[in-house]
2 protein chains.
Amino acid sequence: MAQAETVLPSDFFLDLDRSSPVPLYYQIATRLERAIRDEDLPAGSRLENEISLGQRFGFSRPTVRRAIQELVDKGLLVRRRGIGTQVVHGQVTRNVELTSLYEDLTQTGQGPTTEVVSREVLTADENAARELGVAVGDRVLRIVRLRYADGVPLAVLDNTLPSEFADFTEEELAERGLYQLLRARGITIRVAKQRIGARNATAKERELLALPKGSAVLTMSRTAFDSSGRAVEFGQHCYSPDLYSFEMTLVDK
Amino acid sequence: MAQAETVLPSDFFLDLDRSSPVPLYYQIATRLERAIRDEDLPAGSRLENEISLGQRFGFSRPTVRRAIQELVDKGLLVRRRGIGTQVVHGQVTRNVELTSLYEDLTQTGQGPTTEVVSREVLTADENAARELGVAVGDRVLRIVRLRYADGVPLAVLDNTLPSEFADFTEEELAERGLYQLLRARGITIRVAKQRIGARNATAKERELLALPKGSAVLTMSRTAFDSSGRAVEFGQHCYSPDLYSFEMTLVDK
DNA sequence: CTGACATCTTTGTTCGGACATAGTGACATT
DNA sequence: AATGTCACTATGTCCGAACAAAGATGTCAG
């Protein structure tokens with residue numbers, strides 16, 4: 001059986017602004033995404049085809065395609081040649097994105113607070129030198145922080161940065177997220193490599209996170225690179241297993 | 001300091017095939033990716049600009065852009081307006097993709113084997129009904145498998161599927177990966193939602209995975225949808241923490 | 001009734017062109 | 001010496017058009 005085609009009302013794209021600096025394809029994608037999440041475009045329904053959509057609303061086909069592609073990449077739509085474009089699922093979770101835990105918590109409305117457990121400038125060992133691309137013995141900043149969400153200890157964050165950032169103070173680190181501080185210096189993280197695993201908590205971690213003896217922790221180690229390809233930060237994080245998990249939507253390409 | 005620009009030799013794209021069904025942009029991207037991984041395009045170097053690249057090798061600019069975009073999405077390249085395109089990092093790990101554990105292991109050359117722990121057809125409880133989009137009380141197939149890599153127990157896989165697949169036999173399940181069996185029936189997984197977490201192993205899991213008392217496990221629960229948006233499979237997996245972890249590369253958009 | 005074939009629909013790929021925008025650096029002005 | 005201006009370069013966005021390929025459907029011969 002062919003799925004029903006949902007026809008968008010002719011005023012659907014009325015409020016978009018062609019003179020805005022926000023790209024047209026992005027404005028279109030945003031409106032479509034909202035319609036999908038509001039189930040104005042129900043799951044399983046077929047979308048009007050690209051050409052008709054473009055003609056009816058006055059967009060070129062490449063622009064319509066690009067907007068649709070954004071939502072395909074997010075896992076909201078699926079395209080099939082000869083068939084059309086269908087809505088997959090309304091409840092797609094936000095992806096694991098290139099954000100810090102601090103930003104994650106802020107966005108979800110849980111007030112993040114930070115306690116600086118230790119902050120020291122030391123010399124890079126072999127591992128730190130390899131990860132950061134500096135020489136063994138170079139000065140690096142190592143900070144261990146305890147991150148709370150709504151007053152509950154959530155994660156232990158152990159990070160190492162190049163000496164350029166050795167002047168980050170305990171006060172700054174307690175008040176702001178690490179990525180926020182880096183951005184304030186004009187450093188933008190563009191690419192990161194990370195690995196998610198599990199192990200048993202150490203005594204120190206149990207103490208900080210108020211976990212029972214023998215408890216598991218969720219671990220994430222990440223190395224982050226800025227836009228010039230330089231390693232800016234690497235760290236090992238561990239999360240209280242009952243309070244945190246990583247969600248993602250995977251899309252077949 | 002301006003980064004050095006690497007000029008591709010004029011025979012760089014000589015072996016691509018315009019009559020091949022493999023898209024041109026994809027062939028270009030593949031060759032560029034190999035050059036980056038082989039460090040013929042060293043990390044930090046600038047790529048020749050899009051227009052010149054197109055003219056020199058006879059591609060249109062959209063085609064060149066699309067090829068480059070593939071590698072930007074993979075985290076191998078970074079583009080900056082007014083500056084150019086730079087190579088970020090040669091060692092990017094393969095992403096968490098929409099593959100089954102079985103395929104993962106096959107690709108990395110570790111011989112996967114499977115033991116079917118249990119296989120039963122039962123009626124859907126509330127959770128199964130919600131995840132699969134069927135009615136409570138409908139028949140579903142539930143299978144628990146133990147997956148080995150090179151003879152070592154690696155993961156316990158607990159999956160539930162709609163009644164349509166209730167005829168999967170123990171033999172089939174022991175010999176093939178689940179996604180492989182589904183594909184043989186014409187079902188392709190297109191989108192999946194998953195969550196990665198950690199907890200302590202249950203007694204049963206410790207027994208199956210030969211883990212010590214109190215050991216942690218890495219958990220992954222996934223719901224997979226086919227191209228029509230129907231839920232095809234959901235499951236809870238748990239992995240031996242010392243033997244498995246999830247790696248991914250994140251790219252800022 | 002069934003299978004082979006043609007046709008239609010819709011997305012996939014590729015081309016060519018135009019203008020906008022953000023860095024960069026040089027030059028002129030204050 | 002600091003700052004503003006301008007040209008240059010490279011990517012970002014948008015348009016229009018054409019053909020290819022895949023899936024669905026209808027047609028017709030056997």
# chains A, B, ... in the order shown; residues from 1 in each chain; ligands from 1
>>> residues_around(residues="range 134-144 of chain A", least_positions_apart="2", cutoff="9 Å", atoms="only C-alpha atoms (C1' of nucleotides)", output="NGL selection string")
:A and (115-132 or 146 or 156-168 or 173)
>>> write_last_selection(atoms="C-alpha atoms", output="short mmCIF file (atom, residue, chain, number, x, y, z; two decimals), in the first residue's frame")
data_model
loop_
_atom_site.label_atom_id
_atom_site.label_comp_id
_atom_site.auth_asym_id
_atom_site.auth_seq_id
_atom_site.Cartn_x
_atom_site.Cartn_y
_atom_site.Cartn_z
CA GLU A 115 34.34 21.87 41.64
CA VAL A 116 38.02 21.99 40.79
CA VAL A 117 39.59 18.97 42.47
CA SER A 118 43.12 19.74 41.36
CA ARG A 119 44.91 22.05 38.99
CA GLU A 120 48.61 21.73 38.29
CA VAL A 121 51.14 22.65 35.68
CA LEU A 122 53.44 19.73 35.07
CA THR A 123 55.67 18.28 32.39
CA ALA A 124 54.18 16.17 29.64
CA ASP A 125 54.72 12.45 29.89
CA GLU A 126 54.93 10.30 26.80
CA ASN A 127 51.17 9.84 26.52
CA ALA A 128 50.34 13.52 26.94
CA ALA A 129 53.03 14.48 24.45
CA ARG A 130 51.67 12.09 21.86
CA GLU A 131 48.06 13.14 22.31
CA LEU A 132 48.74 16.86 22.25
CA LEU A 146 33.95 17.25 39.53
CA VAL A 156 34.88 13.28 37.12
CA LEU A 157 36.65 15.19 34.36
CA ASP A 158 40.41 14.80 33.98
CA ASN A 159 41.79 17.04 31.24
CA THR A 160 45.21 18.04 29.93
CA LEU A 161 45.92 21.14 27.82
CA PRO A 162 49.00 22.73 26.22
CA SER A 163 50.98 25.29 28.25
CA GLU A 164 49.34 28.12 26.30
CA PHE A 165 46.34 27.67 28.59
CA ALA A 166 48.29 27.28 31.83
CA ASP A 167 46.88 30.59 33.06
CA PHE A 168 43.32 29.29 33.39
CA LEU A 173 37.38 26.69 35.62
#
>>> interface_residues(of="chain C", to="chain B", cutoff="7 Å", atoms="only C-alpha atoms (C1' of nucleotides)", output="list in words")
DC15, DA22 and DG23 of chain C
>>> write_last_selection(atoms="N, CA, C and O atoms (P, O5', C5', C4', C3', O3' and C1' of nucleotides)", output="compact mmCIF listing (two decimals), in the first residue's frame")
# COMPACT_ATOMS: atom_id res chain seq x y z
P DC C 15 30.81 16.77 -13.89
O5' DC C 15 30.09 18.01 -14.57
C5' DC C 15 29.57 17.85 -15.90
C4' DC C 15 28.66 18.99 -16.25
C3' DC C 15 29.26 20.38 -16.08
O3' DC C 15 29.81 20.83 -17.31
C1' DC C 15 26.96 20.28 -15.38
P DA C 22 30.02 37.15 6.60
O5' DA C 22 31.45 36.53 6.91
C5' DA C 22 31.63 35.12 6.78
C4' DA C 22 33.10 34.83 6.58
C3' DA C 22 34.03 35.61 7.49
O3' DA C 22 35.09 34.74 7.84
C1' DA C 22 34.61 36.03 5.27
P DG C 23 35.67 34.74 9.30
O5' DG C 23 37.20 34.35 9.09
C5' DG C 23 38.06 35.37 8.72
C4' DG C 23 39.03 34.86 7.71
C3' DG C 23 40.36 35.53 7.96
O3' DG C 23 41.39 34.56 7.85
C1' DG C 23 39.54 36.08 5.79
>>> select_by_dssp(residues="range 23-220 of chain A", states="helix (DSSP H, G or I)", output="ChimeraX atom specification")
/A:24-37,50-57,61-73,101-107,126-132,163-165,170-175,178-184,203-209
>>> atom_distance(atom1="CA of Thr106 in chain A", atom2="CA of Glu175 in chain A")
12.7 Å
>>> atom_distance(atom1="CA of Thr114 in chain B", atom2="CA of Asp242 in chain B")
19.3 Å
>>> closest_atom_pairs(of="chain A", to="chain B", cutoff="6 Å", atoms="only C-alpha atoms", output="CSV")
residue,atom,partner,partner_atom,distance
A:Gly44,CA,B:Gly229,CA,5.9
A:Val88,CA,B:Gly229,CA,4.4
A:Leu98,CA,B:Asp252,CA,5.7
A:Arg190,CA,B:Asp252,CA,4.9
A:Val191,CA,B:Val251,CA,4.6
A:Ala192,CA,B:Leu250,CA,5.1
A:Lys193,CA,B:Thr249,CA,4.5
A:Gln194,CA,B:Met248,CA,5.5
A:Arg195,CA,B:Glu247,CA,4.3
A:Ile196,CA,B:Phe246,CA,5.0
A:Gly197,CA,B:Ser245,CA,4.7
A:Ala198,CA,B:Leu218,CA,5.1
A:Arg199,CA,B:Ala216,CA,5.3
A:Asn200,CA,B:Ala216,CA,5.5
A:Gly214,CA,B:Gly214,CA,5.8
A:Ala216,CA,B:Ala216,CA,4.8
A:Leu218,CA,B:Ala198,CA,5.2
A:Gly229,CA,B:Val88,CA,4.5
A:Pro241,CA,B:Ala198,CA,5.3
A:Ser245,CA,B:Gly197,CA,4.7
A:Phe246,CA,B:Ile196,CA,5.0
A:Glu247,CA,B:Arg195,CA,4.3
A:Met248,CA,B:Gln194,CA,5.5
A:Thr249,CA,B:Lys193,CA,4.5
A:Leu250,CA,B:Ala192,CA,5.1
A:Val251,CA,B:Val191,CA,4.6
A:Asp252,CA,B:Arg190,CA,4.9
>>> write_last_selection(atoms="N, CA and C atoms", output="mmCIF file, in the first residue's frame")
data_model
loop_
_atom_site.group_PDB
_atom_site.id
_atom_site.type_symbol
_atom_site.label_atom_id
_atom_site.label_comp_id
_atom_site.auth_asym_id
_atom_site.auth_seq_id
_atom_site.Cartn_x
_atom_site.Cartn_y
_atom_site.Cartn_z
ATOM 1 N N GLY A 44 5.810 7.960 8.736
ATOM 2 C CA GLY A 44 5.389 7.039 7.691
ATOM 3 C C GLY A 44 4.786 7.725 6.480
ATOM 4 N N VAL A 88 10.444 9.226 8.910
ATOM 5 C CA VAL A 88 10.788 7.978 9.575
ATOM 6 C C VAL A 88 10.202 7.892 10.964
ATOM 7 N N LEU A 98 29.340 17.639 19.138
ATOM 8 C CA LEU A 98 30.630 18.119 19.603
ATOM 9 C C LEU A 98 30.414 19.216 20.636
ATOM 10 N N ARG A 190 36.869 21.843 16.308
ATOM 11 C CA ARG A 190 36.224 21.461 15.055
ATOM 12 C C ARG A 190 36.073 19.946 14.915
ATOM 13 N N VAL A 191 37.023 19.200 15.383
ATOM 14 C CA VAL A 191 36.979 17.753 15.239
ATOM 15 C C VAL A 191 37.423 17.126 16.547
ATOM 16 N N ALA A 192 36.826 16.036 16.937
ATOM 17 C CA ALA A 192 37.269 15.325 18.130
ATOM 18 C C ALA A 192 37.150 13.825 17.910
ATOM 19 N N LYS A 193 38.092 13.114 18.498
ATOM 20 C CA LYS A 193 38.082 11.651 18.471
ATOM 21 C C LYS A 193 37.709 11.200 19.861
ATOM 22 N N GLN A 194 36.738 10.312 19.994
ATOM 23 C CA GLN A 194 36.436 9.858 21.343
ATOM 24 C C GLN A 194 36.133 8.377 21.402
ATOM 25 N N ARG A 195 36.293 7.858 22.598
ATOM 26 C CA ARG A 195 36.082 6.434 22.825
ATOM 27 C C ARG A 195 35.267 6.274 24.106
ATOM 28 N N ILE A 196 34.207 5.480 24.007
ATOM 29 C CA ILE A 196 33.325 5.268 25.151
ATOM 30 C C ILE A 196 33.482 3.843 25.633
ATOM 31 N N GLY A 197 33.680 3.679 26.919
ATOM 32 C CA GLY A 197 33.848 2.351 27.480
ATOM 33 C C GLY A 197 33.295 2.267 28.893
ATOM 34 N N ALA A 198 33.631 1.202 29.560
ATOM 35 C CA ALA A 198 33.168 1.006 30.933
ATOM 36 C C ALA A 198 34.263 0.315 31.732
ATOM 37 N N ARG A 199 34.251 0.550 33.028
ATOM 38 C CA ARG A 199 35.151 -0.182 33.930
ATOM 39 C C ARG A 199 34.637 -0.003 35.358
ATOM 40 N N ASN A 200 35.331 -0.601 36.311
ATOM 41 C CA ASN A 200 34.950 -0.399 37.697
ATOM 42 C C ASN A 200 35.577 0.890 38.212
ATOM 43 N N GLY A 214 32.639 -1.220 44.373
ATOM 44 C CA GLY A 214 32.477 -2.148 43.251
ATOM 45 C C GLY A 214 31.642 -1.591 42.116
ATOM 46 N N ALA A 216 30.247 0.253 38.785
ATOM 47 C CA ALA A 216 30.755 0.500 37.441
ATOM 48 C C ALA A 216 30.752 2.001 37.174
ATOM 49 N N LEU A 218 30.885 4.735 33.586
ATOM 50 C CA LEU A 218 30.924 4.900 32.127
ATOM 51 C C LEU A 218 32.075 5.841 31.828
ATOM 52 N N GLY A 229 43.865 22.020 13.029
ATOM 53 C CA GLY A 229 44.293 20.641 13.155
ATOM 54 C C GLY A 229 45.179 20.377 14.361
ATOM 55 N N PRO A 241 27.061 5.840 36.517
ATOM 56 C CA PRO A 241 26.360 5.034 35.504
ATOM 57 C C PRO A 241 24.841 5.163 35.544
ATOM 58 N N SER A 245 24.115 8.649 30.230
ATOM 59 C CA SER A 245 24.378 7.726 29.127
ATOM 60 C C SER A 245 24.462 8.548 27.848
ATOM 61 N N PHE A 246 25.034 7.948 26.825
ATOM 62 C CA PHE A 246 25.181 8.628 25.538
ATOM 63 C C PHE A 246 24.093 8.151 24.589
ATOM 64 N N GLU A 247 23.343 9.093 24.042
ATOM 65 C CA GLU A 247 22.315 8.725 23.075
ATOM 66 C C GLU A 247 22.702 9.207 21.702
ATOM 67 N N MET A 248 22.342 8.437 20.700
ATOM 68 C CA MET A 248 22.631 8.886 19.340
ATOM 69 C C MET A 248 21.687 8.235 18.356
ATOM 70 N N THR A 249 21.555 8.878 17.216
ATOM 71 C CA THR A 249 20.772 8.325 16.118
ATOM 72 C C THR A 249 21.726 8.017 14.985
ATOM 73 N N LEU A 250 21.684 6.798 14.501
ATOM 74 C CA LEU A 250 22.554 6.407 13.400
ATOM 75 C C LEU A 250 21.742 6.334 12.120
ATOM 76 N N VAL A 251 22.347 6.784 11.035
ATOM 77 C CA VAL A 251 21.671 6.770 9.743
ATOM 78 C C VAL A 251 22.531 6.024 8.747
ATOM 79 N N ASP A 252 21.922 5.109 8.049
ATOM 80 C CA ASP A 252 22.645 4.360 7.022
ATOM 81 C C ASP A 252 22.871 5.255 5.816
#
>>> select_by_dssp(residues="range 17-220 of chain A", states="strand (DSSP E or B)", output="PyMOL selection string")
chain A and resi 46-47+77-80+84-87+112-123+139-149+152-162+189-200+216-220
>>> interface_residues(of="chain D", to="chain B", cutoff="9 Å", atoms="only C-alpha atoms (C1' of nucleotides)", output="PDB file with N, CA and C atoms (P, O5', C5', C4', C3', O3' and C1' of nucleotides), in the first residue's frame")
ATOM      1  P    DT D   9      43.568  37.026  -6.790  1.00  0.00           P
ATOM      2  O5'  DT D   9      43.174  35.956  -5.684  1.00  0.00           O
ATOM      3  C5'  DT D   9      43.932  35.876  -4.476  1.00  0.00           C
ATOM      4  C4'  DT D   9      43.218  34.973  -3.503  1.00  0.00           C
ATOM      5  C3'  DT D   9      42.598  33.733  -4.149  1.00  0.00           C
ATOM      6  O3'  DT D   9      42.957  32.603  -3.387  1.00  0.00           O
ATOM      7  C1'  DT D   9      41.002  34.848  -2.820  1.00  0.00           C
ATOM      8  P    DA D  10      42.885  31.155  -4.043  1.00  0.00           P
ATOM      9  O5'  DA D  10      41.718  30.448  -3.224  1.00  0.00           O
ATOM     10  C5'  DA D  10      41.844  30.313  -1.814  1.00  0.00           C
ATOM     11  C4'  DA D  10      40.464  30.111  -1.228  1.00  0.00           C
ATOM     12  C3'  DA D  10      39.647  29.035  -1.949  1.00  0.00           C
ATOM     13  O3'  DA D  10      39.479  27.913  -1.097  1.00  0.00           O
ATOM     14  C1'  DA D  10      38.369  31.012  -1.520  1.00  0.00           C
ATOM     15  P    DT D  11      38.516  26.724  -1.554  1.00  0.00           P
ATOM     16  O5'  DT D  11      37.191  27.017  -0.731  1.00  0.00           O
ATOM     17  C5'  DT D  11      37.269  27.108   0.685  1.00  0.00           C
ATOM     18  C4'  DT D  11      36.019  27.760   1.254  1.00  0.00           C
ATOM     19  C3'  DT D  11      34.744  26.926   1.147  1.00  0.00           C
ATOM     20  O3'  DT D  11      34.059  26.984   2.391  1.00  0.00           O
ATOM     21  C1'  DT D  11      34.391  29.036   0.207  1.00  0.00           C
ATOM     22  P    DG D  12      32.627  26.286   2.557  1.00  0.00           P
ATOM     23  O5'  DG D  12      31.613  27.489   2.258  1.00  0.00           O
ATOM     24  C5'  DG D  12      31.240  28.374   3.319  1.00  0.00           C
ATOM     25  C4'  DG D  12      29.913  29.029   3.004  1.00  0.00           C
ATOM     26  C3'  DG D  12      28.779  28.039   2.713  1.00  0.00           C
ATOM     27  O3'  DG D  12      27.599  28.467   3.386  1.00  0.00           O
ATOM     28  C1'  DG D  12      29.047  29.517   0.887  1.00  0.00           C
TER      29       DG D  12
END
>>> atom_distance(atom1="C1' of DA26 in chain C", atom2="C1' of DC6 in chain D")
9.0 Å
>>> residues_around(residues="range 2-8 of chain C", least_positions_apart="3", cutoff="9 Å", atoms="only C-alpha atoms (C1' of nucleotides)", output="list in words")
DA24, DT25, DG26, DT27, DC28, DA29 and DG30 of chain D
>>> residues_around(residues="range 54-57 of chain B", least_positions_apart="5", cutoff="8 Å", atoms="only C-alpha atoms (C1' of nucleotides)", output="list in words")
Ser10, Phe13 and Val64 of chain B
>>> write_last_selection(atoms="all heavy atoms", output="PDB file, in the first residue's frame")
ATOM      1  N   SER B  10      49.347  15.789 -11.776  1.00  0.00           N
ATOM      2  CA  SER B  10      48.302  15.860 -12.800  1.00  0.00           C
ATOM      3  C   SER B  10      47.728  14.490 -13.155  1.00  0.00           C
ATOM      4  O   SER B  10      46.692  14.398 -13.796  1.00  0.00           O
ATOM      5  CB  SER B  10      48.838  16.545 -14.059  1.00  0.00           C
ATOM      6  OG  SER B  10      50.016  15.873 -14.472  1.00  0.00           O
ATOM      7  N   PHE B  13      44.046  11.750 -10.653  1.00  0.00           N
ATOM      8  CA  PHE B  13      42.719  11.164 -10.853  1.00  0.00           C
ATOM      9  C   PHE B  13      42.653  10.366 -12.151  1.00  0.00           C
ATOM     10  O   PHE B  13      41.581  10.187 -12.718  1.00  0.00           O
ATOM     11  CB  PHE B  13      41.652  12.268 -10.869  1.00  0.00           C
ATOM     12  CG  PHE B  13      41.475  12.924  -9.538  1.00  0.00           C
ATOM     13  CD1 PHE B  13      41.881  14.238  -9.332  1.00  0.00           C
ATOM     14  CD2 PHE B  13      40.882  12.242  -8.484  1.00  0.00           C
ATOM     15  CE1 PHE B  13      41.708  14.850  -8.105  1.00  0.00           C
ATOM     16  CE2 PHE B  13      40.708  12.853  -7.252  1.00  0.00           C
ATOM     17  CZ  PHE B  13      41.125  14.156  -7.067  1.00  0.00           C
ATOM     18  N   VAL B  64      33.256  18.622  -7.299  1.00  0.00           N
ATOM     19  CA  VAL B  64      34.416  18.729  -6.415  1.00  0.00           C
ATOM     20  C   VAL B  64      33.956  19.029  -4.992  1.00  0.00           C
ATOM     21  O   VAL B  64      34.415  18.414  -4.030  1.00  0.00           O
ATOM     22  CB  VAL B  64      35.367  19.841  -6.897  1.00  0.00           C
ATOM     23  CG1 VAL B  64      36.488  20.057  -5.896  1.00  0.00           C
ATOM     24  CG2 VAL B  64      35.949  19.488  -8.251  1.00  0.00           C
TER      25      VAL B  64
END
